[in-house]
Structure formats: structure tokens, C-alpha cells
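Before any comments, here is the structure.
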Amino acid sequence: MPESELPEVVRIARDLIRIDTSNYGGGRANGEREAAEYVGAYLSELGLEVEYFEPIDRRTNVSARVRGRDPERPALVVHGHLDVVPAVAADWSVDPFEGVVRDGMLWGRGAVDMKNMNAMILTAVADILRAGEQPERDLILVFFADEENGGVEGSALVVQQRPDWFAGATEAISEVGGYSITVDDHRAYLLQVGEKAMLWLRLVATGRAGHGSRYHEQNAVTRLAEAVAAVGRTRWPIRLTPTTRALLDGLSEVTGRSTDDPDALAAAAGPAEAFLRSTFRTTTNPTALTAGYKHNVIPGTAEALIDVRVIPGTEDDVLAELQRIVGDDVEIQTVVRDIGMETPFAGELVEAMVAALGRHDPGVPVIPYLLGAGTDNKALASLGITGYGFAPLRLPADLDFTGMFHGVDERVPVESLVFGQRVLADLLRSC
């Protein structure tokens with residue numbers, strides 16, 4: 001597609017993708033400064049007063065407030081994050097940081113998570129302001145650093161040190177919701193009204209160091225490998241919450257299928273099946289291993305990282321069960337522990353989000369769901385701000401959208417970005 005024909009929302013998302021904000025975790029990151037400056041310059045051109053907050057070198061957050069028609073109404077936070085997870089270029093069909101538009105899609109790291117939504121936020125606000133209009137209430141626009149590391153060096157510090165940014169706010173919208181899935185050939189939208197709790201754990205196995213040729217029963221690597229395999233193979237039972245019950249009811253209405261077998265009902269959602277099934281249960285996935293320094297030396301310690309996403313309210317029970325699974329010889333260290341959240345699928349903002357989707361895709365149902373991952377809404381919750389996932393995208397039935405979060409060949413249809421910009425602008429004008 002020629003440059004001159006690219007919609008503005010696509011150009012902005014592409015530009016942001018081309019700024020490599022890879023976040024490796026544990027304080028190792030390229031930093032978000034250049035991306036924050038790009039966003040800040042765009043907002044300044046719209047006539048908004050922009051503020052930056054960089055509590056750690058290059059970990060830059062940016063904010064601006066759009067004044068609404070009714071200053072008495074509580075403000076709405078509209079937020080995104082500027083960092084992305086790393087990408088191994090050799091695994092991709094395109095350069096993950098080139099921002100290629102091909103086959104009607106924008107490709108690159110962040111096309112799905114979440115530079116697409118950042119571009120939709122910016123252009124939706126631009127639509128309103130360039131038309132000489134105001135939103136119904138104040139909008140607080142915030143773009144955070146470090147979300148892909150649990151917000152430790154981003155939103156967590158912002159809410160602690162700059163709570164003034166959020167003065168008067170009671171609700172927020174961000175990722176991951178408002179996108180369409182296809183269930184038994186019927187389109188439906190998922191609106192995120194909750195998030196599982198997060199536990200990032202480190203398993204530490206200890207043994208006795210020694211020569212690699214020895215008969216050796218106290219091998220730390222062996223102990224760790226057995227523990228990791230046991231955790232990774234654990235299949236946690238289904239444990240439904242009010243939100244996941246409502247999801248099943250919604251899917252049942254669309255398909256006519258029974259809710260008796262949640263996994264079978266989720267399978268009707270095609271590519272979104274795995275994403276939905278993860279919301280019904282705790283998940284424990286090993287993600288990294290560290291051990292040893294030479295082929296013929298048995299190390300004294302070995303470590304693994306485990307990403308645990310927990311049904312809200314069951315965190316302590318899960319930790320106790322994990323200790324039983326790995327055994328007393330393996331220590332469990334908590335690296336990051338964050339809350340889970342659920343909020344009712346009701347209220348003025350929820351009704352406004354559903355109505356906005358309905359005006360642009362009439363007759364398509366909107367169903368609540370519990371996100372299996374987490375967002376910066378958890379940090380905002382500490383200020384009493386209720387968060388939702390609403391990054392509206394109408395997607396092709398055969399696109400494995402949810403599978404591209406942190407995946408290879410991440411991409412989003414150009415027409416979906418244009419759709420999302422229009423729906424979001426509609427919502428922000430009226431909610």
C-alpha cells in the first residue's frame with residue numbers, strides 16, 4: 001500500500017513499531033523515551049499540555065489531559081504501554097521492527113500488543129479535537145513504561161509518585177478487550193471486565209557441586225528439571241468465577257451449545273480457544289532456565305522462572321500446592337506478585353462501550369470475559385480506579401489474533417485499526 005494511502009492510525013502504529021522499545025525484564029530494557037517523545041509531540045500538536053515522568057533513566061511515561069464538557073463528571077483514564085517484549089528476527093517472516101504493511105496487514109512487534117491501541121487512542125482523540133469538539137468528560141491520556149515487566153518501573157511508580165495525573169478519575173480503559181472472535185461462524189466481541197492474578201516465581205534447586213564424571217545423587221540440575229517438568233505438566237482444575245460464568249452463558253447464547261463443558265464450548269471459538277480456556281483455570285508455565293557454567297562441572301544451584309496466572313483470590317492456595325508439587329528440596333521465590341480483579345458487566349461505561357460497538361457493527365453480541373494475563377489497570381486499581389479492556393477491533397474469522405500476543409509474525413489488519421479508531425472516537429465523545 002503506497003505511503004499516501006495509509007490511514008493515519010496505521011502510520012502512527014507503524015512509526016511506533018519502528019521505535020524498538022524491547023523490554024527484557026528485570027530492569028533490562030531499551031527504554032521508552034523515544035516512543036514517549038513521539039507520543040508527546042503528537043499530543044502537543046493537538047494543543048494539549050504534555051507531561052513526562054522518568055523516574056528511572058530512559059523509562060519514560062507521558063500524560064496529557066483533554067478537558068471535557070462536564071467538569072463535574074469523574075474523569076476517564078485512557079492508557080497504553082509503550083514497551084514490547086523482545087523479538088528474535090530470525091524467527092519472523094519480516095523484520096519485527098520495520099513496521100511492514102503487507103497483504104492488508106501491519107506487521108511488527110507491537111502490532112497487537114499494544115502499539116496498535118496506542119495509535120487508536122491518539123487518532124481517536126485527534127478526531128475529536130480537530131473537529132472542534134470536546135469529550136463528554138475529562139480524558140486522562142497516559143502511556144506507561146515497563147508494562148511487560150509487570151509495570152514495576154512504569155505504572156507502579158507513576159501511581160505512587162504522580163497520583164496527581166489521575167485526579168478525579170474513577171474508571172479506565174486500555175487493552176485487552178473489545179476485539180471480535182468468531183464462534184461457530186457467528187461474530188461476537190469480548191469486553192474485558194477482569195484479570196487473573198499474577199505470580200512470577202523463581203524455583204531454586206540446590207545440590208552439591210562436583211565433577212561431571214562422578215556418580216552424583218545431589219545434582220541441582222536434576223532436581224530442578226524434575227520440578228520444572230512437574231509444574232509444567234500440572235493441569236489445574238476448572239474454577240469458574242462470576243465473569244467466566246457470564247462468558248460461558250454468552251457463548252452458549254451465540255452457539256446454542258451447553259455450558260456443561262467449558263473447554264468444549266471454548267473450542268467453538270476457533271483460534272481464540274486457548275486464550276479462553278486459560279481464563280477457566282490457573283496456569284503455570286516454565287519460561288526460563290539457568291544452570292551451570294561448564295560441560296564437566298555439576299553446579300551447586302539451578303534456577304527456573306515460572307509464569308503463574310491465578311484465579312483471583314486463590315493465590316495462597318496455589319503457592320502452597322506448587323510447593324507440594326516441587327518438593328521441599330526446591331525453594332520457591334516470589335519475584336512479582338500482583339492482584340487479580342473482577343468488576344460487574346454493568347454500569348454506564350460498560351453500556352457505552354457496548355453501544356459504541358453496536359453502532360459500528362450492529363446486532364453483534366458483546367460478551368464479558370476475564371483476561372488470563374494482566375494490564376496496567378492493576379496499578380490504577382490502587383487509586384480506586386476501575387479498569388476495563390477495550391481496544392476495539394473487528395477481525396477476520398481465520399486470524400489467530402490472541403495467538404500473536406508475544407508471538408511470531410505479530411500483525412493486525414489495516415481495516416481493523418481504522419474500525420478501532422472510529423469506535424474509540426465514538427466512545428470517547430459520548431461516554
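Scheme for the C-alpha cells: letters A, B, ... for chains in order shown; per-chain residue numbers from 1; ligand numbers from 1 in order shown.
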
Enumerate as a PyMOL selection string all residues of stretch 131-212 of chain A assigned to alpha helix (DSSP H) by DSSP on the backbone, naming them with the chain letters and numbers the document uses.
chain A and resi 155-161

Mind checking which residues fall within 12 Å of A:Pro413, counting only C-alpha atoms, ignoring those fewer than 3 positions away in the same chain, and posting them as a ChimeraX atom specification?
/A:7,9-10,13,100-108,111-112,116,393-401,410,416-420

Save the residues we just selected, N, CA and C atoms, as a tab-separated table (two decimals), in the first residue's frame?
chain	number	residue	atom	x	y	z
A	7	PRO	N	-3.87	5.01	6.15
A	7	PRO	CA	-4.61	5.80	7.14
A	7	PRO	C	-3.68	6.28	8.26
A	9	VAL	N	-3.94	6.27	11.44
A	9	VAL	CA	-3.79	5.34	12.55
A	9	VAL	C	-2.76	4.27	12.24
A	10	VAL	N	-2.68	3.86	10.98
A	10	VAL	CA	-1.70	2.85	10.58
A	10	VAL	C	-0.29	3.45	10.56
A	13	ALA	N	0.91	3.74	14.21
A	13	ALA	CA	1.26	2.42	14.75
A	13	ALA	C	2.57	1.93	14.14
A	100	VAL	N	6.21	-3.22	8.57
A	100	VAL	CA	5.84	-3.51	7.18
A	100	VAL	C	4.32	-3.58	7.04
A	101	VAL	N	3.79	-2.97	5.97
A	101	VAL	CA	2.39	-3.14	5.60
A	101	VAL	C	2.36	-4.06	4.39
A	102	ARG	N	1.75	-5.24	4.58
A	102	ARG	CA	1.75	-6.25	3.53
A	102	ARG	C	0.49	-7.09	3.65
A	103	ASP	N	-0.11	-7.42	2.51
A	103	ASP	CA	-1.32	-8.25	2.48
A	103	ASP	C	-2.45	-7.65	3.31
A	104	GLY	N	-2.52	-6.32	3.31
A	104	GLY	CA	-3.59	-5.66	4.06
A	104	GLY	C	-3.39	-5.64	5.55
A	105	MET	N	-2.17	-5.96	6.00
A	105	MET	CA	-1.89	-6.02	7.43
A	105	MET	C	-0.64	-5.22	7.78
A	106	LEU	N	-0.63	-4.70	9.00
A	106	LEU	CA	0.56	-4.09	9.57
A	106	LEU	C	1.26	-5.13	10.41
A	107	TRP	N	2.54	-5.40	10.05
A	107	TRP	CA	3.33	-6.42	10.72
A	107	TRP	C	4.37	-5.77	11.63
A	108	GLY	N	4.64	-6.41	12.76
A	108	GLY	CA	5.73	-5.95	13.61
A	108	GLY	C	5.44	-6.16	15.08
A	111	ALA	N	2.28	-4.71	16.98
A	111	ALA	CA	1.09	-4.54	16.14
A	111	ALA	C	-0.17	-5.01	16.86
A	112	VAL	N	0.00	-5.98	17.77
A	112	VAL	CA	-1.11	-6.50	18.57
A	112	VAL	C	-0.99	-6.05	20.02
A	116	ASN	N	-0.74	-0.86	18.46
A	116	ASN	CA	-1.97	-0.65	17.71
A	116	ASN	C	-2.96	0.21	18.49
A	393	LEU	N	-11.53	-3.96	17.88
A	393	LEU	CA	-11.03	-4.43	16.59
A	393	LEU	C	-12.03	-5.44	16.01
A	394	ARG	N	-12.48	-5.21	14.80
A	394	ARG	CA	-13.27	-6.22	14.09
A	394	ARG	C	-12.30	-7.03	13.24
A	395	LEU	N	-12.21	-8.32	13.52
A	395	LEU	CA	-11.13	-9.16	12.98
A	395	LEU	C	-11.66	-10.25	12.07
A	396	PRO	N	-10.85	-10.68	11.10
A	396	PRO	CA	-11.23	-11.82	10.25
A	396	PRO	C	-11.38	-13.08	11.08
A	397	ALA	N	-12.28	-13.95	10.67
A	397	ALA	CA	-12.57	-15.16	11.43
A	397	ALA	C	-11.37	-16.08	11.53
A	398	ASP	N	-10.51	-16.08	10.50
A	398	ASP	CA	-9.41	-17.04	10.48
A	398	ASP	C	-8.11	-16.49	11.05
A	399	LEU	N	-8.12	-15.28	11.57
A	399	LEU	CA	-6.90	-14.69	12.11
A	399	LEU	C	-6.72	-15.12	13.57
A	400	ASP	N	-5.60	-15.74	13.88
A	400	ASP	CA	-5.32	-16.14	15.26
A	400	ASP	C	-4.77	-14.93	16.02
A	401	PHE	N	-5.64	-13.99	16.30
A	401	PHE	CA	-5.24	-12.73	16.92
A	401	PHE	C	-4.66	-12.95	18.31
A	410	GLU	N	3.67	-11.14	14.45
A	410	GLU	CA	2.58	-10.33	15.01
A	410	GLU	C	2.08	-9.36	13.93
A	416	SER	N	-8.93	-3.19	10.43
A	416	SER	CA	-9.30	-3.34	11.85
A	416	SER	C	-8.85	-2.13	12.65
A	417	LEU	N	-7.68	-1.58	12.34
A	417	LEU	CA	-7.21	-0.38	13.02
A	417	LEU	C	-8.12	0.80	12.73
A	418	VAL	N	-8.55	0.95	11.49
A	418	VAL	CA	-9.45	2.04	11.13
A	418	VAL	C	-10.78	1.89	11.86
A	419	PHE	N	-11.29	0.66	11.91
A	419	PHE	CA	-12.51	0.37	12.66
A	419	PHE	C	-12.34	0.77	14.13
A	420	GLY	N	-11.22	0.35	14.72
A	420	GLY	CA	-10.98	0.64	16.13
A	420	GLY	C	-10.90	2.12	16.42

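Restricting the calculation to only C-alpha atoms, the smallest distance between A:Leu305 and any of A:Arg73, A:Arg65, A:Lys378, A:Arg202 is found for A:Arg202.
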
I need the strand (DSSP E or B) residues of stretch 17-129 of chain A per DSSP on the backbone, written as a ChimeraX atom specification.
/A:22-25,28-29,50-56,59-66,75-81,84,101-102,105-107

At most 7 Å is the cut-off: for each residue in stretch 154-244 of chain A with any atom that close to an atom of stretch 264-274 of chain A, write down the nearest atom pair and the distance in Å rounded to one decimal, counting only C-alpha atoms, chain first then increasing number, as a Markdown table.
| residue | atom | partner | partner_atom | distance |
| --- | --- | --- | --- | --- |
| A:Ile181 | CA | A:Ala269 | CA | 6.7 |
| A:Thr182 | CA | A:Ala269 | CA | 5.7 |
| A:Val183 | CA | A:Ala269 | CA | 4.3 |
| A:Asp184 | CA | A:Ala268 | CA | 5.6 |

Rounded to one decimal, what separation in Å do you get between atom CA of A:Met198 and atom CA of A:Gln323?
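The value is 16.8 Å.
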
Would you kindly return, as a ChimeraX atom specification, each protein, DNA or RNA residue with an atom no farther than 10 Å from any atom of A:Gly340, considering only C-alpha atoms and excluding same-chain residues fewer than 6 positions away?
/A:194-198,309-315,370-374,378

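Each of A:Val39, A:Leu319, A:Val412, A:Leu76 was compared to A:Pro135 using only C-alpha atoms, and A:Leu76 turns out to be the nearest.
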
Using only C-alpha atoms, which residue out of A:Asp15, A:Glu3, A:Asp263, A:Glu45 lies closest to A:Thr279?
A:Asp263

A:Glu321, A:Asp409, A:Asp426, A:Glu133 ranked by distance to A:Ile121, top pick (using only C-alpha atoms)
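Result for the nearest residue to A:Ile121: A:Asp426.
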
Using only C-alpha atoms, can you tell me which of A:Gly68, A:Pro74, A:Gly256, A:Pro55 comes closest to A:Val158?
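Residue with the minimum atom-to-atom distance to A:Val158: A:Pro55.
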
I'd like the contact shell of stretch 349-360 of chain A - 7 Å cut-off, only C-alpha atoms, skipping same-chain residues fewer than 2 positions apart - returned as a PyMOL selection string.
chain A and resi 345-347+362-364+366+423+426-427+431

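Shortest atom-to-atom contact with A:Ala90 among A:Leu122, A:Val408, A:Leu428, A:Ala291: A:Val408, counting only C-alpha atoms.
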
Measure the distance from atom CA of A:Glu331 to atom CA of A:Thr375 in Å and round it to one decimal.
28.0 Å

I'd like the neighbourhood of A:Ile19 as a PDB file with all heavy atoms, in the first residue's frame, where a residue qualifies if any of its atoms comes within 10 Å (using only C-alpha atoms), though same-chain residues fewer than 5 positions away should be ignored.
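Full text of result.pdb as output:
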ATOM      1  N   ARG A  14       2.731   2.136  12.831  1.00  0.00           N
ATOM      2  CA  ARG A  14       3.965   1.732  12.158  1.00  0.00           C
ATOM      3  C   ARG A  14       5.170   2.484  12.724  1.00  0.00           C
ATOM      4  O   ARG A  14       6.220   1.892  13.002  1.00  0.00           O
ATOM      5  CB  ARG A  14       3.842   2.017  10.665  1.00  0.00           C
ATOM      6  CG  ARG A  14       5.088   1.693   9.852  1.00  0.00           C
ATOM      7  CD  ARG A  14       5.126   2.482   8.561  1.00  0.00           C
ATOM      8  NE  ARG A  14       5.145   3.929   8.815  1.00  0.00           N
ATOM      9  CZ  ARG A  14       5.012   4.851   7.865  1.00  0.00           C
ATOM     10  NH1 ARG A  14       4.825   4.494   6.611  1.00  0.00           N
ATOM     11  NH2 ARG A  14       5.042   6.134   8.185  1.00  0.00           N
ATOM     12  N   ASN A  30      15.405  -1.501  26.434  1.00  0.00           N
ATOM     13  CA  ASN A  30      15.895  -0.418  25.580  1.00  0.00           C
ATOM     14  C   ASN A  30      15.408   0.939  26.068  1.00  0.00           C
ATOM     15  O   ASN A  30      16.037   1.957  25.817  1.00  0.00           O
ATOM     16  CB  ASN A  30      15.440  -0.627  24.142  1.00  0.00           C
ATOM     17  CG  ASN A  30      16.124  -1.809  23.481  1.00  0.00           C
ATOM     18  OD1 ASN A  30      17.062  -2.378  24.033  1.00  0.00           O
ATOM     19  ND2 ASN A  30      15.657  -2.187  22.310  1.00  0.00           N
ATOM     20  N   GLY A  31      14.286   0.942  26.762  1.00  0.00           N
ATOM     21  CA  GLY A  31      13.714   2.195  27.251  1.00  0.00           C
ATOM     22  C   GLY A  31      12.674   2.745  26.298  1.00  0.00           C
ATOM     23  O   GLY A  31      12.697   2.500  25.091  1.00  0.00           O
ATOM     24  N   GLU A  32      11.761   3.515  26.864  1.00  0.00           N
ATOM     25  CA  GLU A  32      10.618   4.021  26.101  1.00  0.00           C
ATOM     26  C   GLU A  32      10.742   5.495  25.739  1.00  0.00           C
ATOM     27  O   GLU A  32       9.807   6.086  25.188  1.00  0.00           O
ATOM     28  CB  GLU A  32       9.325   3.816  26.920  1.00  0.00           C
ATOM     29  CG  GLU A  32       8.967   2.384  27.210  1.00  0.00           C
ATOM     30  CD  GLU A  32       9.696   1.787  28.410  1.00  0.00           C
ATOM     31  OE1 GLU A  32      10.495   2.524  29.052  1.00  0.00           O
ATOM     32  OE2 GLU A  32       9.492   0.606  28.707  1.00  0.00           O
ATOM     33  N   ARG A  33      11.888   6.114  26.007  1.00  0.00           N
ATOM     34  CA  ARG A  33      11.986   7.568  25.893  1.00  0.00           C
ATOM     35  C   ARG A  33      11.612   8.079  24.501  1.00  0.00           C
ATOM     36  O   ARG A  33      10.809   9.004  24.367  1.00  0.00           O
ATOM     37  CB  ARG A  33      13.387   8.042  26.266  1.00  0.00           C
ATOM     38  CG  ARG A  33      13.516   9.576  26.210  1.00  0.00           C
ATOM     39  CD  ARG A  33      14.943  10.018  26.488  1.00  0.00           C
ATOM     40  NE  ARG A  33      15.331   9.720  27.861  1.00  0.00           N
ATOM     41  CZ  ARG A  33      16.587   9.746  28.296  1.00  0.00           C
ATOM     42  NH1 ARG A  33      17.574  10.025  27.441  1.00  0.00           N
ATOM     43  NH2 ARG A  33      16.876   9.492  29.556  1.00  0.00           N
ATOM     44  N   GLU A  34      12.180   7.490  23.444  1.00  0.00           N
ATOM     45  CA  GLU A  34      11.900   7.981  22.093  1.00  0.00           C
ATOM     46  C   GLU A  34      10.428   7.799  21.721  1.00  0.00           C
ATOM     47  O   GLU A  34       9.819   8.670  21.078  1.00  0.00           O
ATOM     48  CB  GLU A  34      12.795   7.276  21.066  1.00  0.00           C
ATOM     49  CG  GLU A  34      14.249   7.713  21.119  1.00  0.00           C
ATOM     50  CD  GLU A  34      15.013   7.087  22.275  1.00  0.00           C
ATOM     51  OE1 GLU A  34      14.524   6.099  22.848  1.00  0.00           O
ATOM     52  OE2 GLU A  34      16.112   7.593  22.606  1.00  0.00           O
ATOM     53  N   ALA A  35       9.835   6.683  22.126  1.00  0.00           N
ATOM     54  CA  ALA A  35       8.417   6.464  21.861  1.00  0.00           C
ATOM     55  C   ALA A  35       7.564   7.469  22.632  1.00  0.00           C
ATOM     56  O   ALA A  35       6.575   8.007  22.108  1.00  0.00           O
ATOM     57  CB  ALA A  35       8.024   5.041  22.227  1.00  0.00           C
ATOM     58  N   TYR A  38       7.738  10.757  20.898  1.00  0.00           N
ATOM     59  CA  TYR A  38       6.900  10.733  19.693  1.00  0.00           C
ATOM     60  C   TYR A  38       5.444  10.989  20.069  1.00  0.00           C
ATOM     61  O   TYR A  38       4.760  11.822  19.456  1.00  0.00           O
ATOM     62  CB  TYR A  38       7.047   9.377  19.000  1.00  0.00           C
ATOM     63  CG  TYR A  38       6.200   9.211  17.756  1.00  0.00           C
ATOM     64  CD1 TYR A  38       6.746   9.390  16.496  1.00  0.00           C
ATOM     65  CD2 TYR A  38       4.849   8.857  17.845  1.00  0.00           C
ATOM     66  CE1 TYR A  38       5.974   9.239  15.346  1.00  0.00           C
ATOM     67  CE2 TYR A  38       4.069   8.716  16.718  1.00  0.00           C
ATOM     68  CZ  TYR A  38       4.636   8.899  15.461  1.00  0.00           C
ATOM     69  OH  TYR A  38       3.850   8.752  14.331  1.00  0.00           O
ATOM     70  N   LEU A  82       4.085   1.554  26.220  1.00  0.00           N
ATOM     71  CA  LEU A  82       4.964   1.817  25.088  1.00  0.00           C
ATOM     72  C   LEU A  82       6.013   0.735  24.863  1.00  0.00           C
ATOM     73  O   LEU A  82       6.646   0.700  23.807  1.00  0.00           O
ATOM     74  CB  LEU A  82       5.656   3.170  25.278  1.00  0.00           C
ATOM     75  CG  LEU A  82       4.721   4.385  25.293  1.00  0.00           C
ATOM     76  CD1 LEU A  82       5.473   5.631  25.733  1.00  0.00           C
ATOM     77  CD2 LEU A  82       4.093   4.598  23.930  1.00  0.00           C
ATOM     78  N   ASP A  83       6.223  -0.137  25.837  1.00  0.00           N
ATOM     79  CA  ASP A  83       7.223  -1.188  25.679  1.00  0.00           C
ATOM     80  C   ASP A  83       6.625  -2.409  24.987  1.00  0.00           C
ATOM     81  O   ASP A  83       5.393  -2.574  24.914  1.00  0.00           O
ATOM     82  CB  ASP A  83       7.823  -1.573  27.026  1.00  0.00           C
ATOM     83  CG  ASP A  83       6.789  -2.126  28.002  1.00  0.00           C
ATOM     84  OD1 ASP A  83       5.636  -1.649  27.985  1.00  0.00           O
ATOM     85  OD2 ASP A  83       7.124  -3.030  28.793  1.00  0.00           O
ATOM     86  N   PHE A  97      10.843  -5.025  13.536  1.00  0.00           N
ATOM     87  CA  PHE A  97      10.827  -3.606  13.888  1.00  0.00           C
ATOM     88  C   PHE A  97      10.845  -2.703  12.644  1.00  0.00           C
ATOM     89  O   PHE A  97      11.167  -1.532  12.727  1.00  0.00           O
ATOM     90  CB  PHE A  97      11.997  -3.277  14.819  1.00  0.00           C
ATOM     91  CG  PHE A  97      11.903  -4.014  16.132  1.00  0.00           C
ATOM     92  CD1 PHE A  97      12.699  -5.133  16.371  1.00  0.00           C
ATOM     93  CD2 PHE A  97      10.998  -3.629  17.097  1.00  0.00           C
ATOM     94  CE1 PHE A  97      12.599  -5.832  17.566  1.00  0.00           C
ATOM     95  CE2 PHE A  97      10.890  -4.322  18.293  1.00  0.00           C
ATOM     96  CZ  PHE A  97      11.686  -5.423  18.532  1.00  0.00           C
ATOM     97  N   GLU A  98      10.427  -3.262  11.508  1.00  0.00           N
ATOM     98  CA  GLU A  98      10.373  -2.463  10.288  1.00  0.00           C
ATOM     99  C   GLU A  98       9.006  -1.828  10.082  1.00  0.00           C
ATOM    100  O   GLU A  98       8.861  -0.840   9.362  1.00  0.00           O
ATOM    101  CB  GLU A  98      10.734  -3.328   9.077  1.00  0.00           C
ATOM    102  CG  GLU A  98      10.902  -2.540   7.790  1.00  0.00           C
ATOM    103  CD  GLU A  98      11.310  -3.408   6.624  1.00  0.00           C
ATOM    104  OE1 GLU A  98      11.654  -4.588   6.848  1.00  0.00           O
ATOM    105  OE2 GLU A  98      11.287  -2.913   5.479  1.00  0.00           O
ATOM    106  N   GLY A  99       7.971  -2.401  10.693  1.00  0.00           N
ATOM    107  CA  GLY A  99       6.637  -1.852  10.509  1.00  0.00           C
ATOM    108  C   GLY A  99       6.142  -2.012   9.084  1.00  0.00           C
ATOM    109  O   GLY A  99       5.664  -1.061   8.461  1.00  0.00           O
ATOM    110  N   ARG A 109       6.505  -6.133  15.879  1.00  0.00           N
ATOM    111  CA  ARG A 109       6.357  -6.307  17.321  1.00  0.00           C
ATOM    112  C   ARG A 109       5.619  -5.088  17.890  1.00  0.00           C
ATOM    113  O   ARG A 109       6.077  -3.956  17.780  1.00  0.00           O
ATOM    114  CB  ARG A 109       7.719  -6.462  17.987  1.00  0.00           C
ATOM    115  CG  ARG A 109       7.654  -6.626  19.489  1.00  0.00           C
ATOM    116  CD  ARG A 109       6.838  -7.860  19.891  1.00  0.00           C
ATOM    117  NE  ARG A 109       7.620  -9.078  19.966  1.00  0.00           N
ATOM    118  CZ  ARG A 109       7.113 -10.268  19.690  1.00  0.00           C
ATOM    119  NH1 ARG A 109       5.854 -10.406  19.306  1.00  0.00           N
ATOM    120  NH2 ARG A 109       7.877 -11.358  19.797  1.00  0.00           N
TER     121      ARG A 109
END

Within 7 Å of A:Val297, counting only C-alpha atoms, which residues show up once you throw out same-chain ones fewer than 5 positions away? Write them as a list in words, please.
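Near A:Val297, the qualifying residues are Gly210, His211 and Gly212 of chain A.
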
Close residues, A:Glu8 itself excluded, 8 Å, only C-alpha atoms, min 3 positions apart in chain, as a ChimeraX atom specification:
/A:11-12,123

Got time to write the residues from that selection, C-alpha atoms, as a PDB file, in the first residue's frame?
ATOM      1  CA  ARG A  11       1.147   5.315  10.031  1.00  0.00           C
ATOM      2  CA  ILE A  12       1.339   6.078  13.739  1.00  0.00           C
ATOM      3  CA  THR A 123      -6.035   9.309  16.405  1.00  0.00           C
TER       4      THR A 123
END
